[in-house]
>>> print(open('structure_2.txt').read())   # compact mmCIF, C-alpha atoms
# COMPACT_ATOMS: atom_id res chain seq x y z
CA MET Z 12 -26.69 -0.43 -21.81
CA ALA Z 13 -25.52 2.22 -19.41
CA ILE Z 14 -22.06 3.62 -19.93
CA ALA Z 15 -20.27 4.96 -16.88
CA GLU Z 16 -17.10 6.94 -16.94
CA ILE Z 17 -14.94 6.06 -13.99
CA SER Z 18 -12.14 8.42 -13.10
CA PRO Z 19 -9.48 7.51 -10.56
CA LEU Z 20 -9.86 9.01 -7.11
CA THR Z 21 -7.31 11.61 -6.15
CA ASP Z 22 -5.18 10.56 -3.22
CA THR Z 23 -5.75 13.32 -0.71
CA SER Z 24 -3.31 11.94 1.84
CA LEU Z 25 -0.31 13.07 -0.21
CA ASN Z 26 0.85 16.48 -1.26
CA LEU Z 27 3.83 17.89 -3.06
CA LEU Z 28 5.10 21.44 -2.85
CA GLU Z 29 8.03 23.59 -3.84
CA LEU Z 30 10.02 24.95 -0.91
CA ARG Z 31 10.82 28.61 -1.31
CA HIS Z 32 13.27 29.19 1.53
CA ARG Z 33 16.72 27.93 2.40
CA ARG Z 34 16.50 27.61 6.16
CA ARG Z 35 15.19 24.53 7.96
CA GLU Z 36 12.77 26.46 10.19
CA SER Z 37 11.31 28.26 7.20
CA ALA Z 38 10.87 24.98 5.34
CA LEU Z 39 9.12 23.41 8.34
CA HIS Z 40 6.90 26.46 8.62
CA GLN Z 41 5.93 26.20 4.96
CA LEU Z 42 5.18 22.48 5.26
CA VAL Z 43 3.05 22.96 8.38
CA HIS Z 44 1.26 25.91 6.82
CA SER Z 45 0.45 23.80 3.78
CA ALA Z 46 -0.89 21.03 6.04
CA PHE Z 47 -2.98 23.61 7.88
CA GLU Z 48 -4.42 24.84 4.58
CA HIS Z 49 -5.40 21.25 3.81
CA GLU Z 50 -7.14 21.25 7.20
CA ALA Z 51 -5.04 18.32 8.31
CA VAL Z 52 -3.71 20.21 11.34
CA ARG Z 53 -5.43 21.88 14.31
CA HIS Z 54 -2.79 23.92 16.09
CA SER Z 55 -0.15 24.75 13.52
CA ALA Z 56 2.04 26.69 15.96
CA LEU Z 57 2.16 23.75 18.37
CA LEU Z 58 2.97 21.35 15.58
CA GLU Z 59 5.73 23.59 14.32
CA SER Z 60 7.31 23.79 17.77
CA LEU Z 61 7.02 19.99 18.07
CA LEU Z 62 8.91 19.52 14.81
CA THR Z 63 11.56 22.01 15.90
CA ARG Z 64 11.96 20.16 19.19
CA ARG Z 65 12.21 16.88 17.30
CA GLU Z 66 15.28 18.27 15.53
CA ARG Z 67 16.87 18.82 18.94
CA LEU Z 68 16.68 15.09 19.67
CA GLY Z 69 18.77 14.45 16.60
CA SER Z 70 18.72 15.66 13.03
CA THR Z 71 16.07 14.20 10.77
CA ALA Z 72 18.32 14.58 7.75
CA LEU Z 73 19.03 11.07 6.55
CA GLY Z 74 22.03 12.10 4.50
CA HIS Z 75 22.32 12.25 0.74
CA SER Z 76 20.16 15.30 0.29
CA HIS Z 77 16.94 14.24 1.93
CA ALA Z 78 15.21 14.56 5.30
CA VAL Z 79 12.14 12.84 6.71
CA THR Z 80 10.43 14.25 9.75
CA GLY Z 81 7.08 13.49 11.27
CA ALA Z 82 4.66 13.90 14.10
CA TRP Z 83 2.21 11.63 15.86
CA SER Z 84 0.10 14.15 17.65
CA TRP Z 85 -3.38 15.25 18.66
CA CYS Z 86 -2.62 18.40 16.69
CA VAL Z 87 -3.05 16.35 13.51
CA ARG Z 88 -6.57 15.85 12.18
CA THR Z 89 -6.03 13.50 9.24
CA PRO Z 90 -3.09 11.46 8.01
CA LEU Z 91 -1.03 13.39 5.50
CA VAL Z 92 2.37 13.08 3.88
CA LEU Z 93 3.81 16.30 2.52
CA VAL Z 94 6.89 16.26 0.37
CA GLY Z 95 8.74 19.50 -0.24
CA LEU Z 96 11.25 19.90 -3.05
CA SER Z 97 13.92 22.55 -3.02
CA SER Z 98 15.78 23.47 -6.17
CA LYS Z 99 18.32 25.61 -4.31
CA GLY Z 100 18.86 23.14 -1.49
CA LEU Z 101 18.18 23.61 2.22
CA GLU Z 102 20.64 24.19 5.01
CA TRP Z 103 19.19 21.56 7.31
CA GLU Z 104 21.86 21.42 9.99
CA ASP Z 105 24.92 23.39 10.90
CA GLY Z 106 28.09 22.16 9.31
CA ALA Z 107 26.40 19.70 6.98
CA HIS Z 108 27.92 19.42 3.52
CA ASP Z 109 24.91 18.04 1.69
CA ALA Z 110 22.16 20.49 0.81
CA ILE Z 111 18.75 18.97 1.36
CA GLU Z 112 16.63 18.80 -1.78
CA VAL Z 113 13.75 16.59 -0.64
CA VAL Z 114 11.94 16.96 2.71
CA ALA Z 115 9.08 14.72 3.75
CA LEU Z 116 6.71 15.48 6.60
CA VAL Z 117 4.70 12.50 7.85
CA LEU Z 118 1.67 13.50 9.91
CA THR Z 119 -0.33 10.90 11.81
CA PRO Z 120 -3.29 11.73 14.07
CA GLY Z 121 -2.94 10.97 17.76
CA GLU Z 122 -6.07 8.85 17.74
CA VAL Z 123 -4.41 6.06 15.75
CA ALA Z 124 -1.85 3.70 17.22
CA GLU Z 125 1.76 4.78 17.48
CA GLU Z 126 2.70 1.62 15.60
CA LEU Z 127 0.96 2.93 12.49
CA HIS Z 128 2.97 6.14 12.68
CA TYR Z 129 6.22 4.17 12.79
CA ARG Z 130 5.08 2.06 9.83
CA ARG Z 131 4.28 5.22 7.87
CA MET Z 132 7.68 6.69 8.73
CA GLU Z 133 9.39 3.46 7.67
CA ALA Z 134 7.50 3.43 4.37
CA VAL Z 135 8.51 7.02 3.57
CA THR Z 136 12.15 6.65 4.63
CA SER Z 137 12.56 3.47 2.61
CA ALA Z 138 10.87 5.01 -0.45
CA LEU Z 139 13.16 8.05 -0.40
CA ARG Z 140 16.32 6.17 0.48
CA LEU Z 141 17.24 5.37 -3.11
CA GLN Z 142 18.80 8.13 -5.16
CA ARG Z 143 16.97 7.10 -8.32
CA HIS Z 144 13.60 7.44 -6.54
CA ARG Z 145 14.43 10.93 -5.35
CA GLN Z 146 15.73 11.86 -8.80
CA ARG Z 147 12.52 10.61 -10.39
CA LEU Z 148 10.58 12.86 -8.03
CA LEU Z 149 12.80 15.83 -8.82
CA ASP Z 150 12.39 15.20 -12.55
CA HIS Z 151 8.63 14.62 -12.43
CA ARG Z 152 7.26 16.96 -9.78
CA ASP Z 153 3.71 15.70 -9.63
CA VAL Z 154 1.46 13.87 -7.20
CA PRO Z 155 1.01 10.72 -9.37
CA THR Z 156 4.80 10.15 -9.30
CA LEU Z 157 4.78 10.68 -5.53
CA ALA Z 158 1.82 8.32 -5.14
CA LEU Z 159 3.69 5.70 -7.14
CA LEU Z 160 6.77 6.06 -4.93
CA LEU Z 161 4.72 5.90 -1.75
CA ARG Z 162 2.37 3.15 -2.80
CA GLU Z 163 3.40 1.07 0.21
CA LEU Z 164 2.46 3.84 2.64
CA PRO Z 165 -0.14 2.65 5.18
CA ARG Z 166 -3.16 4.97 5.08
CA MET P 24 -1.87 29.78 25.72
CA THR P 25 -5.09 28.01 26.69
CA ALA P 26 -5.17 25.02 29.03
CA VAL P 27 -5.91 22.67 26.13
CA GLU P 28 -2.93 23.96 24.17
CA GLY P 29 -0.75 23.62 27.25
CA PHE P 30 -1.71 19.98 27.73
CA LEU P 31 -1.35 19.28 24.00
CA GLU P 32 2.15 20.69 24.08
CA LEU P 33 2.99 18.74 27.19
CA HIS P 34 1.74 15.54 25.62
CA ASP P 35 3.78 16.11 22.47
CA LEU P 36 6.84 16.72 24.62
CA ASP P 37 6.20 13.49 26.52
CA VAL P 38 5.94 11.58 23.24
CA LEU P 39 9.31 13.01 22.17
CA LEU P 40 10.89 12.16 25.51
CA ALA P 41 9.52 8.63 25.24
CA GLN P 42 11.21 8.33 21.83
CA ALA P 43 14.48 9.44 23.37
CA GLY P 44 14.21 7.30 26.48
CA ASP P 45 12.67 4.05 25.33
CA ASP P 46 15.10 1.49 23.89
CA ALA P 47 12.57 -0.13 21.58
CA ARG P 48 11.49 3.16 20.02
CA ARG P 49 15.06 4.41 19.76
CA GLY P 50 16.14 1.16 18.12
CA ARG P 51 13.37 1.44 15.60
CA LEU P 52 14.34 5.01 14.74
CA ARG P 53 17.96 3.95 14.46
CA ARG P 54 17.00 1.25 11.95
CA MET P 55 15.33 3.96 9.86
CA GLY P 56 18.60 5.88 9.86
CA TYR P 57 18.03 8.44 12.63
CA THR P 58 20.35 9.21 15.48
CA VAL P 59 18.43 10.00 18.65
CA GLY P 60 20.45 11.42 21.50
CA PRO P 61 19.58 12.37 25.07
CA ALA P 62 17.52 15.49 25.48
CA PRO P 63 18.20 17.23 28.79
CA ALA P 64 17.01 20.53 27.31
CA LEU P 65 13.63 18.98 26.51
CA VAL P 66 13.31 17.67 30.08
CA ARG P 67 13.92 21.18 31.41
CA GLU P 68 11.41 22.54 28.93
CA ARG P 69 8.86 20.01 30.11
CA GLU P 70 9.36 21.02 33.72
CA ARG P 71 8.94 24.66 32.81
CA LEU P 72 5.75 23.95 30.89
CA ALA P 73 4.31 21.70 33.60
CA GLY P 74 4.87 24.49 36.10
CA LYS P 75 2.47 26.72 34.19
CA LEU P 76 -0.40 24.20 34.11
CA ASP P 77 -3.20 23.66 36.61
CA ARG P 78 -1.80 21.33 39.27
CA ARG P 79 -5.07 19.42 39.69
CA TRP P 80 -5.32 18.51 35.99
CA LEU P 81 -1.62 17.89 35.78
CA ASN P 82 -1.93 15.22 38.48
CA VAL P 83 -4.72 13.47 36.55
CA TYR P 84 -2.70 13.76 33.34
CA GLU P 85 0.44 12.30 34.87
CA ARG P 86 -1.43 9.44 36.52
CA SER P 87 -2.97 8.55 33.20
CA LEU P 88 0.36 8.89 31.41
CA GLY P 89 2.06 6.60 33.90
CA ARG P 90 -0.67 4.03 33.82
CA TYR P 91 -1.69 3.94 30.15
CA GLY P 92 1.22 5.57 28.36
CA ARG P 93 -0.95 8.45 27.16
CA GLY P 94 -2.12 11.33 29.23
CA LEU P 95 -4.53 12.87 26.81
CA SER P 96 -7.43 11.59 24.81
CA ALA P 97 -9.82 13.14 22.35
CA VAL P 98 -13.59 12.94 22.67
CA ARG P 99 -15.65 12.79 19.51
CA ASN P 100 -19.41 12.83 19.72
CA ARG P 101 -19.21 12.00 23.42
CA VAL P 102 -17.10 8.90 22.71
CA CYS P 103 -13.62 8.84 24.19
CA LEU P 104 -11.18 7.83 21.43
CA GLY P 105 -8.83 6.39 24.03
CA CYS P 106 -11.11 3.83 25.62
CA ARG P 107 -14.11 3.93 23.21
CA LEU P 108 -16.55 4.46 26.04
CA THR P 109 -19.45 6.82 25.67
CA LEU P 110 -19.21 9.62 28.17
CA PRO P 111 -22.16 10.61 30.30
CA THR P 112 -24.10 13.61 29.14
CA SER P 113 -22.77 15.54 32.11
CA ALA P 114 -19.40 15.63 30.34
CA ARG P 115 -20.81 17.73 27.53
CA ARG P 116 -19.46 21.16 26.84
CA GLY P 117 -20.80 23.62 29.38
CA ALA P 118 -21.99 21.02 31.87
CA THR P 119 -21.26 21.82 35.47
CA ALA P 120 -22.18 18.63 37.30
CA ARG P 121 -19.66 16.98 39.54
CA VAL P 122 -18.86 13.31 39.07
CA ARG P 123 -17.50 11.76 42.20
CA GLY P 124 -15.43 14.75 43.06
CA LEU P 125 -13.96 15.10 39.60
CA ARG P 126 -15.46 17.93 37.66
CA PRO P 127 -15.91 17.02 34.01
CA PRO P 128 -13.30 18.69 31.84
CA ALA P 129 -15.98 20.59 29.97
CA ALA P 130 -16.90 22.41 33.14
CA LEU P 131 -13.32 23.57 33.49
CA GLY P 132 -13.30 24.90 29.97
CA LEU P 133 -10.72 22.35 28.90
CA ASP P 134 -12.65 21.05 25.97
CA ARG P 135 -12.86 22.80 22.69
CA ALA P 136 -15.33 22.35 19.91
CA TRP P 137 -13.59 22.02 16.59
CA PRO P 138 -15.18 23.53 13.49
CA ARG P 139 -18.48 22.03 12.48
CA PRO P 140 -18.49 19.53 9.61
CA GLN P 141 -18.32 21.06 6.21
CA THR P 142 -20.24 19.58 3.36
CA SER P 143 -18.50 18.93 0.11
CA LEU P 144 -20.33 20.51 -2.79
CA ARG P 145 -19.14 17.82 -5.13
CA GLY P 146 -20.16 15.02 -2.84
CA ASP P 147 -16.88 13.17 -3.20
CA THR P 148 -14.19 12.47 -0.67
CA ASP P 149 -13.20 15.82 0.73
CA PRO P 150 -10.24 16.06 3.09
CA ARG P 151 -11.85 19.06 4.75
CA VAL P 152 -14.85 17.13 6.05
CA HIS P 153 -14.34 16.38 9.70
CA PRO P 154 -16.78 15.37 12.39
CA ARG P 155 -17.18 17.64 15.32
CA MET P 156 -14.55 16.86 17.89
CA THR P 157 -14.05 17.94 21.41
CA LEU P 158 -10.74 17.57 23.12
CA ALA P 159 -10.30 17.43 26.82
CA THR P 160 -8.16 16.03 29.49
CA HIS P 161 -10.81 13.40 29.84
CA VAL P 162 -8.38 10.81 31.00
CA MET P 163 -8.57 7.22 31.96
CA ALA P 164 -7.91 8.02 35.57
CA ALA P 165 -11.46 9.25 35.73
CA TYR P 166 -12.61 5.73 34.95
CA SER P 167 -10.29 4.15 37.44
CA ASP P 168 -11.78 6.45 40.05
CA GLY P 169 -15.04 4.62 39.60
CA TRP P 170 -16.69 6.64 36.91
CA SER P 171 -17.36 3.58 34.79
CA PRO P 172 -15.93 0.63 36.66
CA ARG P 173 -18.22 -1.99 35.18
CA ARG P 174 -16.32 -2.38 31.93
CA PRO P 175 -12.65 -2.10 32.78
CA GLY P 176 -11.72 -4.52 30.00
CA VAL P 177 -12.67 -1.96 27.38
CA ILE P 178 -9.79 0.28 28.34
CA ARG P 179 -6.94 -0.37 25.94
CA HIS P 180 -3.96 1.89 25.52
>>> encode(input="structure_2.txt", output="structure tokens")
Amino acid sequence: MAIAEISPLTDTSLNLLELRHRRRESALHQLVHSAFEHEAVRHSALLESLLTRRERLGSTALGHSHAVTGAWSWCVRTPLVLVGLSSKGLEWEDGAHDAIEVVALVLTPGEVAEELHYRRMEAVTSALRLQRHRQRLLDHRDVPTLALLLRELPR
Amino acid sequence: MTAVEGFLELHDLDVLLAQAGDDARRGRLRRMGYTVGPAPALVRERERLAGKLDRRWLNVYERSLGRYGRGLSAVRNRVCLGCRLTLPTSARRGATARVRGLRPPAALGLDRAWPRPQTSLRGDTDPRVHPRMTLATHVMAAYSDGWSPRRPGVIRH
């Protein structure tokens, strides 16, 4: 009888990182750079400017210490969700009282339908909406916890 | 900035402006908790960027954007990811043939070969493995100009 050891596959469409800076632009730069290192992004500078422009349409901070931003672009190679955690808190927008502790970046390639990008954004925003979910992530800073929170995310 | 990067940036700007201007998209974002306001600064930025791009390709881009909602499409292994049609070999990188008055994007240097596929040493799923991709302003307007008129039903955007 053959015995096979089966290990679970690592979910490569999620990533978790610690944000080092306090400013929004620096945090976006770090997130995009991390995505570029994962080879999920083609033109990191273009993507960064897209995310900065997105902030000009209206802040992506959803209140209560978290922000979810995203891009549906040809600059994205593969779907990826990056979640950045900040211990010190980020100054996301001018005059905001809440410091942002959790930032999610949802990247969807331009070759898939826009509908899928919206569904991915909805999945991430609804997963991070609850305080206890965000607290669980801040307490257990690992990818399995993130994967559990984002289990409904369309891949 | 190369022509490809210029058109990529323009396309991203158009997607953002569509989010700000379209009621359905704005409503969906509002349900997620976002507030999306008007963006006159982005419109000005778009005009400034469009002014720097080649007028001939900008016309093709804008026609495609108006007709199909997307002005740009990627080409992977000679297959357009917008309409799923296989492109003629004349549209390959470096080709110089003219197709009914429209020079293939490759001839204009608008396509770009992405890094060749990398092989995972472990043989498992590797996020860094990507097929070769070329990106061009190969747009649907080229088809509507009679490049491949026999299968118009395939075009779906």
>>> residues_around(input="structure_2.txt", residues="Asp109 of chain Z", least_positions_apart="3", cutoff="8 Å", atoms="only C-alpha atoms", output="JSON, numbers by chain")
{"Z": [74, 75, 76]}
>>> write_last_selection(input="structure_2.txt", atoms="C-alpha atoms", output="short mmCIF file (atom, residue, chain, number, x, y, z; two decimals), in the frame of the given file")
data_model
loop_
_atom_site.label_atom_id
_atom_site.label_comp_id
_atom_site.auth_asym_id
_atom_site.auth_seq_id
_atom_site.Cartn_x
_atom_site.Cartn_y
_atom_site.Cartn_z
CA GLY Z 74 22.03 12.10 4.50
CA HIS Z 75 22.32 12.25 0.74
CA SER Z 76 20.16 15.30 0.29
#
>>> residues_around(input="structure_2.txt", residues="Ala38 of chain Z", least_positions_apart="4", cutoff="10 Å", atoms="all atoms listed in the file", output="count of residues only")
16
>>> interface_residues(input="structure_2.txt", of="chain P", to="chain Z", cutoff="6 Å", atoms="only C-alpha atoms", output="VMD selection string")
chain P and resid 58 to 60 62 151
>>> atom_distance(input="structure_2.txt", atom1="atom CA of Leu141 of chain Z", atom2="atom CA of Thr119 of chain Z")
23.7 Å
>>> residues_near_point(input="structure_2.txt", point="(12.4, 2.3, 14.1)", cutoff="10 Å", atoms="all atoms listed in the file", output="ChimeraX atom specification")
/Z:126,129-130,132-133 /P:42,47-57
>>> atom_distance(input="structure_2.txt", atom1="atom CA of Asp153 of chain Z", atom2="atom CA of Thr63 of chain Z")
27.4 Å
>>> atom_distance(input="structure_2.txt", atom1="atom CA of His40 of chain Z", atom2="atom CA of Glu59 of chain Z")
6.5 Å
